[in-house]
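So this one's data27.pdb, PDB, C-alpha atoms and all ligand atoms:
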```pdb
MODEL        1
ATOM      1  CA  MET K   1     -16.880  13.009  -5.080
ATOM      2  CA  SER K   2     -20.238  14.123  -3.719
ATOM      3  CA  PRO K   3     -21.092  13.733  -0.003
ATOM      4  CA  GLU K   4     -23.672  11.050  -0.746
ATOM      5  CA  ASP K   5     -20.948   8.894  -2.352
ATOM      6  CA  ARG K   6     -18.920   8.892   0.846
ATOM      7  CA  PRO K   7     -18.911   5.914   3.203
ATOM      8  CA  GLU K   8     -21.093   6.058   6.262
ATOM      9  CA  GLY K   9     -19.866   8.081   9.184
ATOM     10  CA  ARG K  10     -18.014  11.288   9.829
ATOM     11  CA  PRO K  11     -14.589  12.080   8.340
ATOM     12  CA  GLU K  12     -12.948  11.476  11.731
ATOM     13  CA  ASP K  13     -14.365   7.933  11.718
ATOM     14  CA  ARG K  14     -12.103   6.632   8.973
ATOM     15  CA  PRO K  15      -8.412   6.555   8.086
ATOM     16  CA  LEU K  16      -6.955   9.975   7.328
ATOM     17  CA  VAL K  17      -5.239   8.635   4.263
ATOM     18  CA  VAL K  18      -4.724   5.257   2.608
ATOM     19  CA  LEU K  19      -1.539   4.596   0.621
ATOM     20  CA  VAL K  20      -1.632   2.258  -2.384
ATOM     21  CA  GLY K  21       0.885   1.384  -5.074
ATOM     22  CA  PRO K  22       3.248  -1.351  -6.192
ATOM     23  CA  PRO K  23       5.961  -2.982  -4.103
ATOM     24  CA  GLY K  24       8.818  -0.522  -3.681
ATOM     25  CA  ALA K  25       6.598   2.548  -4.000
ATOM     26  CA  GLY K  26       7.463   3.355  -0.385
ATOM     27  CA  LYS K  27       3.997   2.865   1.155
ATOM     28  CA  SER K  28       5.229   1.377   4.429
ATOM     29  CA  THR K  29       8.115   3.845   4.769
ATOM     30  CA  VAL K  30       6.060   6.925   3.919
ATOM     31  CA  ALA K  31       3.156   5.820   6.150
ATOM     32  CA  ALA K  32       5.488   5.858   9.151
ATOM     33  CA  LEU K  33       6.878   9.301   8.258
ATOM     34  CA  LEU K  34       3.422  10.738   7.645
ATOM     35  CA  SER K  35       2.001   9.401  10.871
ATOM     36  CA  ASP K  36       4.926  10.892  12.828
ATOM     37  CA  ALA K  37       4.384  14.249  11.172
ATOM     38  CA  LEU K  38       0.633  14.154  11.803
ATOM     39  CA  GLY K  39       0.873  12.727  15.323
ATOM     40  CA  VAL K  40      -1.463   9.835  14.454
ATOM     41  CA  PRO K  41      -0.885   6.061  14.385
ATOM     42  CA  SER K  42       0.367   4.213  11.345
ATOM     43  CA  ARG K  43      -0.935   0.825  10.244
ATOM     44  CA  ASP K  44       0.146  -1.571   7.507
ATOM     45  CA  THR K  45      -2.016  -4.481   6.361
ATOM     46  CA  ASP K  46       1.041  -6.669   5.674
ATOM     47  CA  ALA K  47       2.115  -6.249   9.309
ATOM     48  CA  ASP K  48      -1.455  -7.030  10.428
ATOM     49  CA  VAL K  49      -1.499 -10.296   8.450
ATOM     50  CA  GLU K  50       1.916 -11.244   9.831
ATOM     51  CA  ALA K  51       0.793 -10.500  13.400
ATOM     52  CA  LEU K  52      -2.435 -12.484  12.928
ATOM     53  CA  THR K  53      -0.722 -15.552  11.478
ATOM     54  CA  GLY K  54       2.508 -15.322  13.470
ATOM     55  CA  THR K  55       4.533 -15.794  10.310
ATOM     56  CA  THR K  56       6.063 -13.772   7.495
ATOM     57  CA  ILE K  57       4.279 -13.094   4.247
ATOM     58  CA  ALA K  58       7.032 -14.951   2.389
ATOM     59  CA  ASP K  59       6.447 -18.050   4.544
ATOM     60  CA  LEU K  60       2.680 -17.712   4.295
ATOM     61  CA  PHE K  61       2.874 -17.807   0.485
ATOM     62  CA  VAL K  62       4.902 -21.016   0.702
ATOM     63  CA  THR K  63       2.930 -22.814   3.422
ATOM     64  CA  GLU K  64      -0.647 -21.719   2.638
ATOM     65  CA  GLY K  65      -0.484 -20.204  -0.864
ATOM     66  CA  GLU K  66      -1.270 -16.811  -2.320
ATOM     67  CA  GLU K  67      -5.061 -17.233  -2.283
ATOM     68  CA  ARG K  68      -5.062 -17.781   1.491
ATOM     69  CA  PHE K  69      -2.882 -14.666   1.887
ATOM     70  CA  ARG K  70      -5.282 -12.644  -0.272
ATOM     71  CA  LEU K  71      -8.264 -13.679   1.881
ATOM     72  CA  LEU K  72      -6.437 -12.683   5.067
ATOM     73  CA  GLU K  73      -5.310  -9.453   3.411
ATOM     74  CA  ALA K  74      -8.866  -8.552   2.354
ATOM     75  CA  GLN K  75     -10.047  -9.078   5.931
ATOM     76  CA  ALA K  76      -7.124  -6.990   7.244
ATOM     77  CA  VAL K  77      -8.105  -4.141   4.907
ATOM     78  CA  ARG K  78     -11.759  -4.337   5.974
ATOM     79  CA  ASP K  79     -10.772  -4.268   9.654
ATOM     80  CA  ALA K  80      -8.318  -1.398   9.203
ATOM     81  CA  LEU K  81     -10.770   0.722   7.224
ATOM     82  CA  ALA K  82     -13.353   0.185   9.961
ATOM     83  CA  GLU K  83     -11.095   0.678  12.990
ATOM     84  CA  HIS K  84      -8.058   2.733  12.093
ATOM     85  CA  ARG K  85      -8.000   6.501  12.300
ATOM     86  CA  GLY K  86      -4.445   7.292  11.185
ATOM     87  CA  VAL K  87      -2.344   6.555   8.125
ATOM     88  CA  LEU K  88      -2.944   3.188   6.455
ATOM     89  CA  ALA K  89      -0.542   1.454   4.055
ATOM     90  CA  LEU K  90      -1.972  -1.426   2.011
ATOM     91  CA  GLY K  91       0.055  -4.282   0.570
ATOM     92  CA  GLY K  92       0.712  -3.722  -3.128
ATOM     93  CA  GLY K  93      -1.725  -6.374  -4.340
ATOM     94  CA  ALA K  94      -4.669  -5.602  -2.064
ATOM     95  CA  VAL K  95      -6.469  -3.480  -4.667
ATOM     96  CA  VAL K  96      -6.577  -6.371  -7.132
ATOM     97  CA  ARG K  97      -9.660  -7.642  -5.259
ATOM     98  CA  GLU K  98     -12.860  -5.970  -6.364
ATOM     99  CA  GLU K  99     -14.282  -5.957  -2.821
ATOM    100  CA  THR K 100     -11.235  -4.006  -1.629
ATOM    101  CA  ARG K 101     -11.534  -1.455  -4.428
ATOM    102  CA  ALA K 102     -15.182  -0.994  -3.508
ATOM    103  CA  ALA K 103     -14.312  -0.619   0.184
ATOM    104  CA  LEU K 104     -11.888   2.206  -0.664
ATOM    105  CA  ASP K 105     -14.603   4.267  -2.295
ATOM    106  CA  GLY K 106     -14.984   7.571  -0.477
ATOM    107  CA  HIS K 107     -11.603   7.403   1.271
ATOM    108  CA  VAL K 108      -8.632   9.655   0.677
ATOM    109  CA  VAL K 109      -6.416   7.295  -1.317
ATOM    110  CA  VAL K 110      -2.923   8.268  -2.467
ATOM    111  CA  PHE K 111      -1.318   6.213  -5.242
ATOM    112  CA  LEU K 112       2.442   6.317  -4.712
ATOM    113  CA  ASP K 113       3.574   5.884  -8.282
ATOM    114  CA  VAL K 114       7.018   4.557  -9.161
ATOM    115  CA  GLY K 115       8.676   3.592 -12.416
ATOM    116  CA  LEU K 116      10.273   0.251 -13.136
ATOM    117  CA  ALA K 117      13.884   1.351 -12.542
ATOM    118  CA  ASP K 118      13.317   2.882  -9.111
ATOM    119  CA  ALA K 119      10.918   0.150  -7.971
ATOM    120  CA  ALA K 120      13.290  -2.668  -8.942
ATOM    121  CA  ALA K 121      16.248  -0.894  -7.346
ATOM    122  CA  ARG K 122      14.335  -0.354  -4.105
ATOM    123  CA  VAL K 123      13.100  -3.908  -3.624
ATOM    124  CA  GLY K 124      16.452  -5.343  -4.744
ATOM    125  CA  LEU K 125      16.919  -9.069  -4.777
ATOM    126  CA  GLY K 126      15.433  -9.711  -1.339
ATOM    127  CA  SER K 127      13.073 -12.649  -1.008
ATOM    128  CA  SER K 128      10.579 -10.939   1.315
ATOM    129  CA  ARG K 129       8.196 -10.258  -1.606
ATOM    130  CA  PRO K 130       7.295 -13.679  -3.033
ATOM    131  CA  LEU K 131       5.669 -12.326  -6.200
ATOM    132  CA  LEU K 132       8.996 -10.839  -7.281
ATOM    133  CA  LEU K 133      11.134 -13.930  -6.839
ATOM    134  CA  GLY K 134      13.190 -14.873  -9.880
ATOM    135  CA  ASN K 135      13.769 -12.042 -12.338
ATOM    136  CA  VAL K 136      12.779  -9.056 -10.196
ATOM    137  CA  ARG K 137      12.832  -6.571 -13.053
ATOM    138  CA  SER K 138      10.675  -8.632 -15.367
ATOM    139  CA  GLN K 139       8.195  -9.610 -12.618
ATOM    140  CA  MET K 140       7.978  -5.970 -11.587
ATOM    141  CA  LYS K 141       7.320  -4.839 -15.164
ATOM    142  CA  THR K 142       4.463  -7.324 -15.566
ATOM    143  CA  LEU K 143       3.018  -6.259 -12.225
ATOM    144  CA  LEU K 144       3.318  -2.515 -12.948
ATOM    145  CA  ASP K 145       1.775  -2.824 -16.413
ATOM    146  CA  ALA K 146      -1.174  -4.836 -15.103
ATOM    147  CA  ARG K 147      -1.807  -2.833 -11.960
ATOM    148  CA  ARG K 148      -1.164   0.809 -12.843
ATOM    149  CA  PRO K 149      -4.745   1.306 -14.146
ATOM    150  CA  VAL K 150      -6.086  -0.364 -11.000
ATOM    151  CA  TYR K 151      -4.121   1.957  -8.682
ATOM    152  CA  GLU K 152      -5.266   4.928 -10.744
ATOM    153  CA  SER K 153      -8.891   3.819 -10.526
ATOM    154  CA  VAL K 154      -8.944   3.877  -6.708
ATOM    155  CA  ALA K 155      -6.743   6.951  -6.192
ATOM    156  CA  THR K 156      -7.962  10.384  -5.218
ATOM    157  CA  HIS K 157      -4.360  11.654  -5.570
ATOM    158  CA  VAL K 158      -1.254  10.433  -7.397
ATOM    159  CA  VAL K 159       2.245  11.231  -6.112
ATOM    160  CA  LEU K 160       5.248  10.305  -8.236
ATOM    161  CA  THR K 161       8.105   9.017  -6.108
ATOM    162  CA  ASP K 162      10.862   8.482  -8.704
ATOM    163  CA  GLY K 163      14.128  10.098  -7.669
ATOM    164  CA  ARG K 164      12.575  11.522  -4.511
ATOM    165  CA  THR K 165      13.275  10.797  -0.874
ATOM    166  CA  PRO K 166      10.587   9.360   1.409
ATOM    167  CA  ASP K 167      10.629  12.666   3.344
ATOM    168  CA  ASP K 168       9.947  14.610   0.174
ATOM    169  CA  VAL K 169       7.075  12.276  -0.739
ATOM    170  CA  ALA K 170       5.602  12.591   2.769
ATOM    171  CA  GLU K 171       5.835  16.395   2.511
ATOM    172  CA  GLU K 172       3.840  16.375  -0.712
ATOM    173  CA  ILE K 173       1.144  14.204   0.830
ATOM    174  CA  LEU K 174       0.971  16.506   3.852
ATOM    175  CA  SER K 175       0.381  19.441   1.540
ATOM    176  CA  LEU K 176      -2.383  17.494  -0.243
ATOM    177  CA  LEU K 177      -4.100  16.804   3.087
ATOM    178  CA  ALA K 178      -3.826  20.389   4.350
TER     179      ALA K 178
HETATM  180  N1  LIG F   1      11.353   7.463  -2.112
HETATM  181  C1  LIG F   1      12.235   6.470  -1.866
HETATM  182  N2  LIG F   1      13.500   6.558  -2.330
HETATM  183  C2  LIG F   1      14.390   5.584  -2.100
HETATM  184  N3  LIG F   1      14.133   4.453  -1.407
HETATM  185  C3  LIG F   1      12.890   4.296  -0.917
HETATM  186  C4  LIG F   1      11.884   5.292  -1.108
HETATM  187  N4  LIG F   1      10.760   4.876  -0.502
HETATM  188  C5  LIG F   1      11.059   3.671   0.044
HETATM  189  N5  LIG F   1      12.333   3.326  -0.189
HETATM  190  C6  LIG F   1      13.026   2.074   0.204
HETATM  191  O1  LIG F   1      12.496   1.083  -0.663
HETATM  192  C7  LIG F   1      12.269  -0.119   0.055
HETATM  193  C8  LIG F   1      10.783  -0.471  -0.050
HETATM  194  O2  LIG F   1      10.035   0.496   0.690
HETATM  195  P1  LIG F   1       8.650   0.120   1.359
HETATM  196  O3  LIG F   1       8.234   1.287   2.187
HETATM  197  O4  LIG F   1       8.719  -1.201   2.019
HETATM  198  O5  LIG F   1       7.729   0.036   0.062
HETATM  199  P2  LIG F   1       6.304  -0.652  -0.126
HETATM  200  O6  LIG F   1       5.657  -0.770   1.219
HETATM  201  O7  LIG F   1       5.569   0.277  -1.040
HETATM  202  O8  LIG F   1       6.612  -1.958  -0.788
HETATM  203  C9  LIG F   1      12.756   0.126   1.482
HETATM  204  O9  LIG F   1      14.072  -0.331   1.573
HETATM  205  C10 LIG F   1      12.697   1.634   1.628
HETATM  206  O10 LIG F   1      13.661   2.122   2.523
HETATM  207  O1  LIG F   2       2.230  -6.579  -4.667
HETATM  208  C1  LIG F   2       1.909  -7.612  -4.029
HETATM  209  O2  LIG F   2       1.096  -8.435  -4.482
HETATM  210  C2  LIG F   2       2.483  -7.797  -2.665
HETATM  211  C3  LIG F   2       3.061  -6.723  -2.047
HETATM  212  C4  LIG F   2       3.673  -6.812  -0.720
HETATM  213  O3  LIG F   2       3.511  -5.573  -0.006
HETATM  214  P1  LIG F   2       4.292  -4.207  -0.405
HETATM  215  O4  LIG F   2       3.565  -3.618  -1.589
HETATM  216  O5  LIG F   2       4.182  -3.365   0.800
HETATM  217  O6  LIG F   2       5.688  -4.591  -0.766
HETATM  218  C5  LIG F   2       3.040  -7.939   0.090
HETATM  219  O7  LIG F   2       1.706  -7.636   0.433
HETATM  220  C6  LIG F   2       3.087  -9.230  -0.690
HETATM  221  O8  LIG F   2       4.442  -9.573  -0.877
HETATM  222  C7  LIG F   2       2.352  -9.136  -2.030
HETATM  223 MG    MG F   3       4.824  -2.273   2.360
ENDMDL
END
```
Using the file provided, produce a representation of the structure as structure tokens.
Amino acid sequence: MSPEDRPEGRPEDRPLVVLVGPPGAGKSTVAALLSDALGVPSRDTDADVEALTGTTIADLFVTEGEERFRLLEAQAVRDALAEHRGVLALGGGAVVREETRAALDGHVVVFLDVGLADAAARVGLGSSRPLLLGNVRSQMKTLLDARRPVYESVATHVVLTDGRTPDDVAEEILSLLA
């Protein structure tokens, strides 16, 4: 990417790295490890939406619906990209919005890739991710098939996480940033 394609401001005025990828890719886990290693703060847009609304994402989907969540999520991404200077993990569906993909342009964006088997095993049968309720494996397959090209389109780097520990994934990202 050429300098004129970058967002306004100096490199130190934006997140060091933004993590994207499907549920179970390890974005939230790896963001915390990376920020510890780098000595910078970690931020997660799901946590921001939960703090803002005082509820869980699962409850928000039920009480206000997915579209309301997506609007709050888009605002959380905008705010974090403008304010946050550390490691930023996005919720898995944030990049589905065109405005969010556009806002990521010029940032260092790492797509944490994961295959169906590992992703389904990691998220298990828990109900904290409303989009995966029901048949987790089949919902995850639909989601991965639809979104993989979208994650690839916003990524400056792709890191495969299958069969790897979060520490190992964080190490690879550190080497990419060095
Ligand atoms: N590389 C990995 N290997 C095994 N388990 C992982 C890995 N990364 C994350 N996990 C586990 O998978 C679950 C989902 O991780 P999380 O960081 O919440 O993913 P995301 O934010 O991408 O949905 C958590 O229980 C986490 O401990
Ligand atoms: O993929 C999605 O659409 C979602 C992913 C979740 O975040 P993680 O990717 O961190 O699990 C959370 O934002 C919400 O349940 C919707
Ligand atoms: Mg997460």
Taking only residues of chain K that have an atom at most 8 Å from an atom of ligand LIG 2 (chain F), what is each one's shortest atom pair and its distance in Å to one decimal, using all atoms listed in the file, in chain and number order, as CSV?
```
residue,atom,partner,partner_atom,distance
K:Val20,CA,F:LIG2,O4,7.9
K:Gly21,CA,F:LIG2,O4,6.7
K:Pro22,CA,F:LIG2,O4,5.1
K:Pro23,CA,F:LIG2,O4,3.5
K:Gly24,CA,F:LIG2,O6,5.9
K:Ala25,CA,F:LIG2,O4,7.3
K:Gly26,CA,F:LIG2,O5,7.6
K:Lys27,CA,F:LIG2,O5,6.2
K:Ser28,CA,F:LIG2,O5,6.1
K:Thr45,CA,F:LIG2,O7,7.7
K:Asp46,CA,F:LIG2,O7,5.4
K:Ile57,CA,F:LIG2,O8,6.2
K:Ala58,CA,F:LIG2,O8,6.8
K:Glu73,CA,F:LIG2,O7,7.8
K:Ala89,CA,F:LIG2,O5,7.5
K:Leu90,CA,F:LIG2,O5,6.6
K:Gly91,CA,F:LIG2,O3,3.7
K:Gly92,CA,F:LIG2,O4,3.2
K:Gly93,CA,F:LIG2,O2,3.5
K:Ala94,CA,F:LIG2,O2,6.9
K:Val123,CA,F:LIG2,O6,8.0
K:Ser128,CA,F:LIG2,O8,6.7
K:Arg129,CA,F:LIG2,O8,3.9
K:Pro130,CA,F:LIG2,O8,5.4
K:Leu131,CA,F:LIG2,O8,6.1
K:Leu132,CA,F:LIG2,O8,8.0
K:Leu143,CA,F:LIG2,O1,7.6
```
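Counting only C-alpha atoms, the residue from K:Val158, K:Val18, K:Val169, K:Ala51 that sits nearest to Asp105 (chain K) is K:Val18.
Selection result for the displayed file, with the PyMOL selection byres (((chain K and resi 141) around 12) and not hetatm) as criterion, is Pro22, Pro23, Val114, Gly115, Leu116, Ala117, Asp118, Ala119, Ala120, Leu131, Leu132, Asn135, Val136, Arg137, Ser138, Gln139, Met140, Thr142, Leu143, Leu144, Asp145, Ala146, Arg147 and Arg148 of chain K.
The space separating CA of Asp44 (chain K) from CA of Gly65 (chain K) comes to 20.4 Å.
For the atom pair formed by atom C10 of ligand LIG 1 (chain F) and CA of Pro166 (chain K), the distance is 8.0 Å, given to one decimal.
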By how many Å are atom N2 of ligand LIG 1 (chain F) and CA of Thr55 (chain K) apart?
27.2 Å
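Using only C-alpha atoms, the nearest neighbour of Gly163 (chain K) within the list K:Ala121, K:Val87, K:Leu34, K:Ala103 is K:Ala121.
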How big is the axis-aligned box, and where does its centre sit, when it encloses all atoms of region 29-41 of chain K listed in the file and has 6 Å added on every side, reported in Å to one decimal as JSON?
```
{"center_x": 3.3, "center_y": 9.0, "center_z": 9.6, "size_x": 21.6, "size_y": 22.4, "size_z": 23.4}
```
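Minimum atom-to-atom distances from K:Gly124, K:Gly106, K:Pro149, K:Gly39 to ligand LIG 1 (chain F) were compared using all atoms listed in the file, and the lowest value belongs to K:Gly124.
The residue that comes closest to ligand LIG 1 (chain F), out of K:Thr161, K:Ser42, K:Ser175, K:Thr63 and on the basis of only C-alpha atoms and all ligand atoms, is K:Thr161.
Counting only C-alpha atoms, the residue from K:Thr56, K:Gln75, K:Thr156, K:Thr29 that sits nearest to Arg122 (chain K) is K:Thr29.
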Long-range neighbours of Pro41 (chain K) as a short mmCIF file (atom, residue, chain, number, x, y, z; two decimals) with C-alpha atoms, keeping the file's coordinate frame, 8 Å cut-off, all atoms listed in the file, 2 positions minimum in chain:
```
data_model
loop_
_atom_site.label_atom_id
_atom_site.label_comp_id
_atom_site.auth_asym_id
_atom_site.auth_seq_id
_atom_site.Cartn_x
_atom_site.Cartn_y
_atom_site.Cartn_z
CA SER K 35 2.00 9.40 10.87
CA ASP K 36 4.93 10.89 12.83
CA GLY K 39 0.87 12.73 15.32
CA ARG K 43 -0.94 0.82 10.24
CA ARG K 85 -8.00 6.50 12.30
CA GLY K 86 -4.44 7.29 11.18
CA VAL K 87 -2.34 6.56 8.12
#
```
